[in-house]
Structures are given as structure tokens and as C-alpha cells.
$ cat start-v3.cif   # mmCIF, C-alpha atoms
data_entry
#
loop_
_atom_site.label_atom_id
_atom_site.label_comp_id
_atom_site.auth_asym_id
_atom_site.auth_seq_id
_atom_site.Cartn_x
_atom_site.Cartn_y
_atom_site.Cartn_z
CA MET A 278 -7.26 18.13 -7.63
CA TYR A 279 -5.48 16.92 -4.50
CA LYS A 280 -4.82 19.23 -1.57
CA GLU A 281 -2.59 18.66 1.42
CA LYS A 282 -3.32 18.81 5.12
CA ASN A 283 -0.65 18.14 7.71
CA GLU A 284 -2.72 17.22 10.75
CA LYS A 285 -3.41 13.56 11.44
CA LYS A 286 -6.97 12.40 11.95
CA THR A 287 -7.87 11.48 15.52
CA HIS A 288 -11.52 10.52 15.05
CA ARG A 289 -12.57 7.07 13.93
CA GLY A 290 -15.47 6.41 11.60
CA GLN A 291 -16.99 3.10 10.71
CA ILE A 292 -14.88 -0.01 10.23
CA LEU A 293 -14.20 -0.38 6.52
CA ILE A 294 -11.85 -3.39 6.57
CA LYS A 295 -12.30 -6.15 9.11
CA THR A 296 -10.38 -9.41 9.27
CA ASP A 297 -11.49 -12.38 11.35
CA GLY A 298 -8.86 -15.04 11.95
CA LEU A 299 -7.48 -14.38 8.46
CA SER A 300 -4.78 -16.94 7.67
CA LYS A 301 -2.69 -18.08 4.73
CA HIS A 302 -0.60 -21.24 5.19
CA TYR A 303 1.62 -23.13 2.80
CA GLY A 304 3.23 -26.55 2.84
CA LYS A 305 0.36 -28.34 4.59
CA GLY A 306 0.30 -25.68 7.29
CA LYS A 307 4.02 -25.72 8.05
CA ILE A 308 4.62 -22.22 6.67
CA LYS A 309 2.29 -19.62 8.19
CA ALA A 310 2.61 -16.53 6.00
CA VAL A 311 -0.36 -14.93 7.81
CA ASP A 312 -1.80 -16.52 10.92
CA ASN A 313 -5.05 -15.65 12.70
CA LEU A 314 -5.04 -11.99 11.75
CA ASN A 315 -7.70 -9.92 13.51
CA LEU A 316 -7.54 -6.30 12.41
CA ASP A 317 -9.92 -3.35 11.99
CA ILE A 318 -9.16 -0.47 9.62
CA TYR A 319 -11.44 2.56 9.72
CA GLU A 320 -13.01 4.65 6.99
CA ASN A 321 -10.84 7.59 5.84
CA GLU A 322 -7.89 6.24 7.85
CA THR A 323 -4.32 6.00 6.59
CA PHE A 324 -3.06 2.76 8.10
CA GLY A 325 0.55 1.58 8.00
CA LEU A 326 1.49 -2.08 7.91
CA LEU A 327 5.03 -2.72 9.12
CA GLY A 328 7.13 -5.82 9.56
CA PRO A 329 10.47 -7.41 8.69
CA ASN A 330 11.00 -8.99 5.27
CA GLY A 331 8.86 -12.11 5.00
CA ALA A 332 6.66 -11.12 7.95
CA GLY A 333 3.39 -11.40 5.99
CA LYS A 334 2.65 -7.81 4.95
CA THR A 335 2.41 -8.41 1.20
CA THR A 336 0.47 -11.64 1.74
CA THR A 337 -2.04 -9.70 3.83
CA ILE A 338 -2.42 -7.10 1.08
CA ARG A 339 -2.94 -9.82 -1.53
CA LEU A 340 -5.57 -11.53 0.60
CA LEU A 341 -7.49 -8.27 1.07
CA ASN A 342 -7.38 -7.64 -2.70
CA CYS A 343 -8.60 -11.17 -3.51
CA ILE A 344 -5.39 -12.12 -5.28
CA LEU A 345 -4.88 -14.98 -2.82
CA LYS A 346 -7.52 -17.13 -1.15
CA PRO A 347 -7.28 -17.58 2.62
CA THR A 348 -6.49 -20.97 4.14
CA ARG A 349 -8.96 -20.15 6.87
CA GLY A 350 -10.64 -17.13 8.38
CA THR A 351 -12.11 -14.31 6.36
CA ALA A 352 -12.27 -10.56 5.84
CA ASP A 353 -14.83 -7.95 4.81
CA VAL A 354 -13.84 -4.95 2.69
CA ASN A 355 -16.51 -2.24 2.79
CA GLY A 356 -19.09 -4.92 3.52
CA TYR A 357 -17.95 -7.32 0.78
CA ASN A 358 -16.55 -10.71 1.71
CA ILE A 359 -13.18 -11.45 0.10
CA SER A 360 -14.16 -15.06 -0.63
CA GLU A 361 -17.74 -14.54 -1.81
CA ASP A 362 -17.61 -11.06 -3.41
CA ALA A 363 -14.14 -10.93 -4.99
CA ASN A 364 -15.20 -8.92 -8.06
CA LYS A 365 -17.00 -6.34 -5.93
CA VAL A 366 -13.95 -5.99 -3.69
CA LYS A 367 -11.67 -5.46 -6.69
CA ALA A 368 -14.03 -2.80 -8.08
CA ILE A 369 -13.63 -0.57 -5.01
CA THR A 370 -9.94 -1.13 -4.26
CA GLY A 371 -6.76 0.03 -5.94
CA LEU A 372 -3.48 -1.80 -5.47
CA LEU A 373 0.06 -0.63 -6.14
CA ALA A 374 1.91 -3.93 -5.78
CA GLU A 375 5.49 -4.23 -4.57
CA SER A 376 6.83 -5.53 -7.89
CA PRO A 377 4.20 -4.78 -10.54
CA GLY A 378 4.73 -5.26 -14.25
CA VAL A 379 3.90 -3.10 -17.24
CA TYR A 380 3.41 -3.82 -20.92
CA ASP A 381 6.60 -2.49 -22.49
CA LYS A 382 5.17 -2.21 -26.00
CA LEU A 383 2.35 0.11 -24.91
CA SER A 384 2.69 3.85 -24.56
CA ALA A 385 1.91 5.55 -21.26
CA TYR A 386 -1.46 6.70 -22.59
CA GLU A 387 -2.29 3.26 -24.00
CA PHE A 388 -1.37 1.58 -20.72
CA LEU A 389 -3.74 3.79 -18.71
CA GLU A 390 -6.39 3.34 -21.40
CA PHE A 391 -6.00 -0.44 -21.10
CA ILE A 392 -6.26 -0.41 -17.29
CA GLY A 393 -9.28 1.88 -17.47
CA ALA A 394 -10.99 -0.48 -19.91
CA LEU A 395 -10.48 -3.36 -17.47
CA TYR A 396 -12.56 -1.36 -14.97
CA LYS A 397 -15.12 -0.60 -17.71
CA ILE A 398 -14.47 3.14 -17.73
CA LYS A 399 -15.43 4.53 -21.11
CA GLY A 400 -15.52 7.60 -23.31
CA LYS A 401 -14.89 11.11 -22.05
CA ILE A 402 -14.65 10.04 -18.40
CA LEU A 403 -11.69 7.77 -19.14
CA LYS A 404 -10.02 10.31 -21.42
CA ASP A 405 -10.34 13.08 -18.81
CA ARG A 406 -8.98 10.87 -16.03
CA ILE A 407 -6.00 9.77 -18.12
CA ASN A 408 -5.12 13.36 -19.05
CA GLU A 409 -5.51 14.53 -15.44
CA LEU A 410 -3.31 11.75 -14.08
CA LEU A 411 -0.64 12.25 -16.75
CA LYS A 412 -0.55 15.95 -15.86
CA LEU A 413 -0.46 15.22 -12.12
CA PHE A 414 2.55 12.91 -12.47
CA GLY A 415 4.40 15.07 -15.01
CA LEU A 416 4.10 12.52 -17.81
CA VAL A 417 2.19 14.52 -20.44
CA ASP A 418 5.28 14.93 -22.63
CA ARG A 419 5.88 11.18 -22.41
CA LYS A 420 2.34 9.99 -23.00
CA ASP A 421 3.09 8.59 -26.48
CA TYR A 422 6.45 7.01 -25.56
CA LEU A 423 6.71 3.23 -25.16
CA LEU A 424 7.11 2.04 -21.58
CA GLU A 425 10.23 0.04 -22.50
CA GLY A 426 12.11 3.35 -22.48
CA PHE A 427 10.79 4.53 -19.10
CA SER A 428 13.07 4.81 -16.08
CA THR A 429 12.21 3.06 -12.80
CA GLY A 430 10.85 6.28 -11.34
CA MET A 431 8.71 7.06 -14.38
CA ARG A 432 7.27 3.55 -14.32
CA GLN A 433 6.45 3.91 -10.64
CA LYS A 434 4.58 7.17 -11.26
CA LEU A 435 2.63 5.60 -14.12
CA LEU A 436 1.77 2.58 -11.98
CA ILE A 437 0.45 4.84 -9.22
CA ALA A 438 -1.65 6.61 -11.86
CA SER A 439 -3.04 3.25 -13.00
CA THR A 440 -3.90 2.43 -9.38
CA LEU A 441 -6.08 5.57 -9.23
CA ILE A 442 -7.66 5.35 -12.69
CA HIS A 443 -10.99 3.91 -11.47
CA ASP A 444 -11.20 6.28 -8.47
CA PRO A 445 -11.19 3.52 -5.81
CA SER A 446 -12.41 4.29 -2.28
CA ILE A 447 -9.75 2.03 -0.70
CA ILE A 448 -6.13 2.19 -1.89
CA PHE A 449 -3.28 -0.15 -1.00
CA PHE A 450 0.28 1.09 -1.52
CA ASP A 451 3.13 -1.43 -1.20
CA GLU A 452 6.35 0.65 -1.03
CA PRO A 453 4.85 3.63 -2.92
CA THR A 454 8.07 5.67 -3.13
CA ALA A 455 10.31 2.85 -4.37
CA GLY A 456 12.63 4.05 -7.13
CA LEU A 457 11.58 7.68 -6.88
CA ASP A 458 13.91 10.64 -6.56
CA PRO A 459 13.37 13.02 -3.59
CA LYS A 460 11.17 15.42 -5.57
CA ALA A 461 8.92 12.66 -6.91
CA SER A 462 8.82 11.02 -3.47
CA LEU A 463 7.59 14.27 -1.93
CA MET A 464 4.94 14.57 -4.62
CA VAL A 465 3.67 11.04 -3.91
CA ARG A 466 3.58 11.69 -0.16
CA ASP A 467 1.60 14.87 -0.72
CA LEU A 468 -0.71 12.98 -3.05
CA ILE A 469 -1.39 10.32 -0.40
CA LYS A 470 -2.17 13.03 2.15
CA GLY A 471 -4.58 14.67 -0.27
CA LEU A 472 -6.27 11.39 -1.16
CA SER A 473 -7.01 10.83 2.52
CA ASN A 474 -7.64 14.31 3.87
CA GLU A 475 -9.38 15.94 0.91
CA ASN A 476 -10.80 13.02 -1.06
CA GLY A 477 -11.89 10.77 1.80
CA LYS A 478 -9.96 7.70 0.69
CA THR A 479 -9.04 4.88 3.03
CA ILE A 480 -5.37 4.03 2.54
CA VAL A 481 -3.18 1.12 3.60
CA ILE A 482 0.58 1.57 3.24
CA CYS A 483 3.35 -1.02 3.47
CA SER A 484 6.77 0.56 3.73
CA HIS A 485 10.19 -0.06 5.23
CA ILE A 486 10.85 3.69 5.34
CA LEU A 487 9.77 4.59 8.87
CA PRO A 488 9.84 8.41 8.42
CA ILE A 489 7.27 8.05 5.63
CA VAL A 490 5.06 5.91 7.88
CA GLU A 491 5.39 8.47 10.69
CA GLU A 492 4.52 11.31 8.32
CA LEU A 493 1.50 9.70 6.67
CA CYS A 494 -0.15 7.17 8.95
CA ASP A 495 -2.87 7.70 11.56
CA ARG A 496 -2.29 4.22 13.02
CA ILE A 497 0.06 1.34 12.34
CA GLY A 498 0.11 -2.42 12.79
CA ILE A 499 3.27 -4.48 13.15
CA ILE A 500 3.35 -8.02 11.76
CA ASN A 501 6.07 -10.52 12.67
CA ASN A 502 6.20 -14.15 11.57
CA GLY A 503 2.68 -13.84 10.16
CA GLU A 504 1.15 -12.59 13.42
CA LEU A 505 -0.10 -9.13 14.33
CA ILE A 506 1.94 -8.25 17.42
CA ALA A 507 1.00 -4.58 17.94
CA VAL A 508 -1.50 -2.04 16.64
CA GLY A 509 -2.18 1.59 17.54
CA THR A 510 -1.04 5.14 16.95
CA ILE A 511 2.69 5.69 16.64
CA LYS A 512 2.79 7.07 20.19
CA GLU A 513 0.90 4.04 21.47
CA ILE A 514 3.31 1.66 19.72
CA ILE A 515 6.31 3.49 21.17
CA ASP A 516 4.75 3.38 24.64
CA ILE A 517 3.91 -0.34 24.32
CA ALA A 518 7.56 -1.07 23.55
CA GLY A 519 8.84 1.28 26.24
CA MET A 520 11.05 3.08 23.73
CA LYS A 521 11.64 6.64 22.55
CA THR A 522 11.33 6.30 18.77
CA LEU A 523 9.35 4.22 16.30
CA GLU A 524 12.56 2.68 14.99
CA GLU A 525 13.55 1.52 18.48
CA ALA A 526 10.03 0.24 19.12
CA PHE A 527 9.94 -1.65 15.82
CA ILE A 528 13.27 -3.36 16.48
CA ALA A 529 12.34 -4.23 20.06
CA LEU A 530 8.93 -5.67 19.15
CA THR A 531 10.24 -7.74 16.24
CA GLY A 532 13.08 -9.37 18.13
CA GLY A 533 15.92 -6.87 18.16
CA ILE A 534 19.30 -7.21 16.48
CA ASP A 535 21.83 -9.85 17.43
CA LYS A 536 25.13 -7.94 17.31
CA LYS A 537 27.15 -11.14 17.62
CA GLU A 538 25.39 -12.41 14.50
CA LEU A 539 26.24 -9.21 12.61
CA LEU A 540 29.93 -9.64 13.37
CA ALA A 541 30.08 -13.40 12.85
CA TRP A 542 31.73 -13.01 9.42
CA ARG A 543 34.82 -11.58 11.17
CA ASP A 544 35.38 -14.72 13.21
CA THR A 545 38.25 -16.56 11.56
CA THR A 546 38.93 -19.03 14.37
#
$ encode --input "start-v3.cif" --output "C-alpha cells"
Amino acid sequence: MYKEKNEKKTHRGQILIKTDGLSKHYGKGKIKAVDNLNLDIYENETFGLLGPNGAGKTTTIRLLNCILKPTRGTADVNGYNISEDANKVKAITGLLAESPGVYDKLSAYEFLEFIGALYKIKGKILKDRINELLKLFGLVDRKDYLLEGFSTGMRQKLLIASTLIHDPSIIFFDEPTAGLDPKASLMVRDLIKGLSNENGKTIVICSHILPIVEELCDRIGIINNGELIAVGTIKEIIDIAGMKTLEEAFIALTGGIDKKELLAWRDTT
């Protein structure tokens, strides 16, 4: 079903996701989780969203999936406004959240059946999709087992399957390889490549694993303290920072590392 291509896309189609001053503040504006975000993501692009812990990446993803409402500003997802057309946005997007939950007393098959029903997929179409996804993720032999007995990696594979069950055109992955062994991680990376290159999906990835971002993403954006501080291809980001690697560029753009702070615990005076 999914085939792999290694080359990154250099052309840009139409803008599929557009934010305009998108902001989410808490505590009467004192905490700015996302602040004045202006970002364009193109059709059939794999876009990486990077930033330190607490920078605003997950908040951005939740805003674009209509889980949170913006404090101010707005965004369009494939022409649908996140504030006015929330149900239409959710119908065309798939989200693998950073810390999703599952229903432990359902089997793998029942869980996918339940998620499919939420998207109003019925009959043979739903059955075929469930069987195909279970086969793809190597879970056929476990389809009738309760999720309470699943390992972290098996749950992650099932959750990715549930993200794809309604065949969304835009897919958000928040740490997609979390908890996976090297073989399963490679399978997921190949799957993401195939979804973009062969199936025309637009993909947004949040990850702290920079080699995965370098392997998969056509462009990246770096968020720090709720603000978008850099956006471009990996080469462009490296050049902007005046560094040699993405890791060096990321550290430089987000404030570097205070070595004195790292060694402060050794100070006994």
C-alpha cells in the first residue's frame, strides 16, 4: 500500500495550512504558550516542528486540530477556519498525540472499529481498512487481545493505525517513534515517507529526534518561548544560524547551553 521514496520534495504546491497571528495565552495573558504565529505549510509537504520542551509545539498542534481555541488570531486548514469549521477540520486531519490514551478493555480490532465509527466509516470499507492496518503494523495475531496487555510499542503502532483509519489528507505526528524498537521505528519512518511521496498526504511532525527530522522533513520551523524564530529547509536553517549541523543550529537559535549551569550541582562552596 505504501511505497518509499528517498528524495525530498523541492517544489511547493498550494498553501494547505495557514496561520495568521495564531496565539494561545493563559493566566490573563501572562503565559504565552503560542504567540503571534504566522506560518504557511504547503500541500504534500512534510513539515517538522522543533523546539525545546514547553516551547509551544504541542499547543500549536492542538490549535490546528481544534482541540484548543485560540486566544487571538486564526488559522485555515485546507480552507476551513479552525474556529468556525472545527468539525470539517477534524474530518480531514489525523492526529497522533504525544500522550494519547486507549481503552484497555477493548481488543485491537474493537478499538479501530470504535475509532472508525466515530468518523462514520461503515461496513466493508471499515472492515477492509482495519484488516489492512493490522497487517501493516504486524498486529493481525493480536487483533482479539485486550489492549491492557499491549506493550508501549504495540500501543503506539495501534494508535498510528487509528490515526490513519479515516484516510485523512493532513496528518499530525507528535513524537511518532516514541516507545518503538529500531525495527518498528524504521517501519514508521518508511510509512511516513510513503504517505507523503506516494499517497500525497501533508504531514506535520513534532520530534526531539533530529536525525528523524532530517530524514523525513522537507522544511522545518523552530519555536521557542511560543514564537516562531526560524523556518526553512534544513540547509537554510543551518545557514541562518551560521552552523555546520542541525543540532548546532537548533541549540544556537534556542539560546545555547549554559555550561556553568550544567555543573552547578558540583559547587559545594
$ resolve_selection --input "start-v3.cif" --expression "the PyMOL selection byres ((chain A and resi 436) around 10)" --output "JSON, numbers by chain"
{"A": [372, 373, 374, 377, 378, 379, 385, 388, 389, 430, 431, 432, 433, 434, 435, 437, 438, 439, 440, 441, 442, 453]}
$ residues_around --input "start-v3.cif" --residues "Glu492 in chain A" --least-positions-apart "5" --cutoff "12 Å" --atoms "all atoms listed in the file" --output "ChimeraX atom specification"
/A:282-285,323-325,463,466-467,469-470,482,484,486-487,497,510-511,523
$ write_last_selection --input "start-v3.cif" --atoms "C-alpha atoms" --output "mmCIF file, in the frame of the given file"
data_model
loop_
_atom_site.group_PDB
_atom_site.id
_atom_site.type_symbol
_atom_site.label_atom_id
_atom_site.label_comp_id
_atom_site.auth_asym_id
_atom_site.auth_seq_id
_atom_site.Cartn_x
_atom_site.Cartn_y
_atom_site.Cartn_z
ATOM 1 C CA LYS A 282 -3.320 18.810 5.120
ATOM 2 C CA ASN A 283 -0.650 18.140 7.710
ATOM 3 C CA GLU A 284 -2.720 17.220 10.750
ATOM 4 C CA LYS A 285 -3.410 13.560 11.440
ATOM 5 C CA THR A 323 -4.320 6.000 6.590
ATOM 6 C CA PHE A 324 -3.060 2.760 8.100
ATOM 7 C CA GLY A 325 0.550 1.580 8.000
ATOM 8 C CA LEU A 463 7.590 14.270 -1.930
ATOM 9 C CA ARG A 466 3.580 11.690 -0.160
ATOM 10 C CA ASP A 467 1.600 14.870 -0.720
ATOM 11 C CA ILE A 469 -1.390 10.320 -0.400
ATOM 12 C CA LYS A 470 -2.170 13.030 2.150
ATOM 13 C CA ILE A 482 0.580 1.570 3.240
ATOM 14 C CA SER A 484 6.770 0.560 3.730
ATOM 15 C CA ILE A 486 10.850 3.690 5.340
ATOM 16 C CA LEU A 487 9.770 4.590 8.870
ATOM 17 C CA ILE A 497 0.060 1.340 12.340
ATOM 18 C CA THR A 510 -1.040 5.140 16.950
ATOM 19 C CA ILE A 511 2.690 5.690 16.640
ATOM 20 C CA LEU A 523 9.350 4.220 16.300
#
$ residues_around --input "start-v3.cif" --residues "range 301-318 of chain A" --least-positions-apart "5" --cutoff "10 Å" --atoms "only C-alpha atoms" --output "JSON list (two decimals) with C-alpha atoms, keeping the file's coordinate frame"
[["chain", "number", "residue", "atom", "x", "y", "z"],
["A", 289, "ARG", "CA", -12.57, 7.07, 13.93],
["A", 290, "GLY", "CA", -15.47, 6.41, 11.60],
["A", 291, "GLN", "CA", -16.99, 3.10, 10.71],
["A", 292, "ILE", "CA", -14.88, -0.01, 10.23],
["A", 293, "LEU", "CA", -14.20, -0.38, 6.52],
["A", 294, "ILE", "CA", -11.85, -3.39, 6.57],
["A", 295, "LYS", "CA", -12.30, -6.15, 9.11],
["A", 296, "THR", "CA", -10.38, -9.41, 9.27],
["A", 323, "THR", "CA", -4.32, 6.00, 6.59],
["A", 324, "PHE", "CA", -3.06, 2.76, 8.10],
["A", 331, "GLY", "CA", 8.86, -12.11, 5.00],
["A", 332, "ALA", "CA", 6.66, -11.12, 7.95],
["A", 333, "GLY", "CA", 3.39, -11.40, 5.99],
["A", 334, "LYS", "CA", 2.65, -7.81, 4.95],
["A", 335, "THR", "CA", 2.41, -8.41, 1.20],
["A", 336, "THR", "CA", 0.47, -11.64, 1.74],
["A", 337, "THR", "CA", -2.04, -9.70, 3.83],
["A", 340, "LEU", "CA", -5.57, -11.53, 0.60],
["A", 345, "LEU", "CA", -4.88, -14.98, -2.82],
["A", 346, "LYS", "CA", -7.52, -17.13, -1.15],
["A", 347, "PRO", "CA", -7.28, -17.58, 2.62],
["A", 348, "THR", "CA", -6.49, -20.97, 4.14],
["A", 349, "ARG", "CA", -8.96, -20.15, 6.87],
["A", 350, "GLY", "CA", -10.64, -17.13, 8.38],
["A", 351, "THR", "CA", -12.11, -14.31, 6.36],
["A", 352, "ALA", "CA", -12.27, -10.56, 5.84],
["A", 353, "ASP", "CA", -14.83, -7.95, 4.81],
["A", 354, "VAL", "CA", -13.84, -4.95, 2.69],
["A", 479, "THR", "CA", -9.04, 4.88, 3.03],
["A", 480, "ILE", "CA", -5.37, 4.03, 2.54],
["A", 481, "VAL", "CA", -3.18, 1.12, 3.60],
["A", 496, "ARG", "CA", -2.29, 4.22, 13.02],
["A", 497, "ILE", "CA", 0.06, 1.34, 12.34],
["A", 498, "GLY", "CA", 0.11, -2.42, 12.79],
["A", 500, "ILE", "CA", 3.35, -8.02, 11.76],
["A", 501, "ASN", "CA", 6.07, -10.52, 12.67],
["A", 502, "ASN", "CA", 6.20, -14.15, 11.57],
["A", 503, "GLY", "CA", 2.68, -13.84, 10.16],
["A", 504, "GLU", "CA", 1.15, -12.59, 13.42],
["A", 505, "LEU", "CA", -0.10, -9.13, 14.33],
["A", 506, "ILE", "CA", 1.94, -8.25, 17.42],
["A", 508, "VAL", "CA", -1.50, -2.04, 16.64]]
$ residues_around --input "start-v3.cif" --residues "Arg406 in chain A" --least-positions-apart "4" --cutoff "10 Å" --atoms "all atoms listed in the file" --output "MDAnalysis selection string"
chainID A and resid 389:390 393 398 401:402 410:412 438 441:444
$ axis_aligned_box --input "start-v3.cif" --around "range 338-344 of chain A" --padding-each-side "8 Å" --output "AutoDock Vina command-line options"
--center_x -5.5 --center_y -9.6 --center_z -2.1 --size_x 22.2 --size_y 21.0 --size_z 22.4
$ closest_residue --input "start-v3.cif" --among "A:Ser376, A:Ile447, A:Glu491, A:Tyr396" --to "Leu472 in chain A" --atoms "all atoms listed in the file"
A:Ile447
$ resolve_selection --input "start-v3.cif" --expression "the PyMOL selection byres ((chain A and resi 517) around 12)" --output "list in words"
Ile499, Ile506, Ala507, Val508, Gly509, Thr510, Ile511, Lys512, Glu513, Ile514, Ile515, Asp516, Ala518, Gly519, Met520, Lys521, Thr522, Leu523, Glu525, Ala526, Phe527, Ala529 and Leu530 of chain A
$ atom_distance --input "start-v3.cif" --atom1 "CA of Asp381 in chain A" --atom2 "CA of Leu423 in chain A"
6.3 Å
$ atom_distance --input "start-v3.cif" --atom1 "CA of Leu468 in chain A" --atom2 "CA of Leu326 in chain A"
18.8 Å
$ atom_distance --input "start-v3.cif" --atom1 "CA of Asn355 in chain A" --atom2 "CA of Ser446 in chain A"
9.2 Å
$ closest_residue --input "start-v3.cif" --among "A:Glu475, A:Asp297, A:Glu320, A:Glu375" --to "Glu452 in chain A" --atoms "only C-alpha atoms"
A:Glu375
$ closest_residue --input "start-v3.cif" --among "A:Gly371, A:Pro488, A:Gly415, A:Gly298" --to "Ile448 in chain A" --atoms "all atoms listed in the file"
A:Gly371
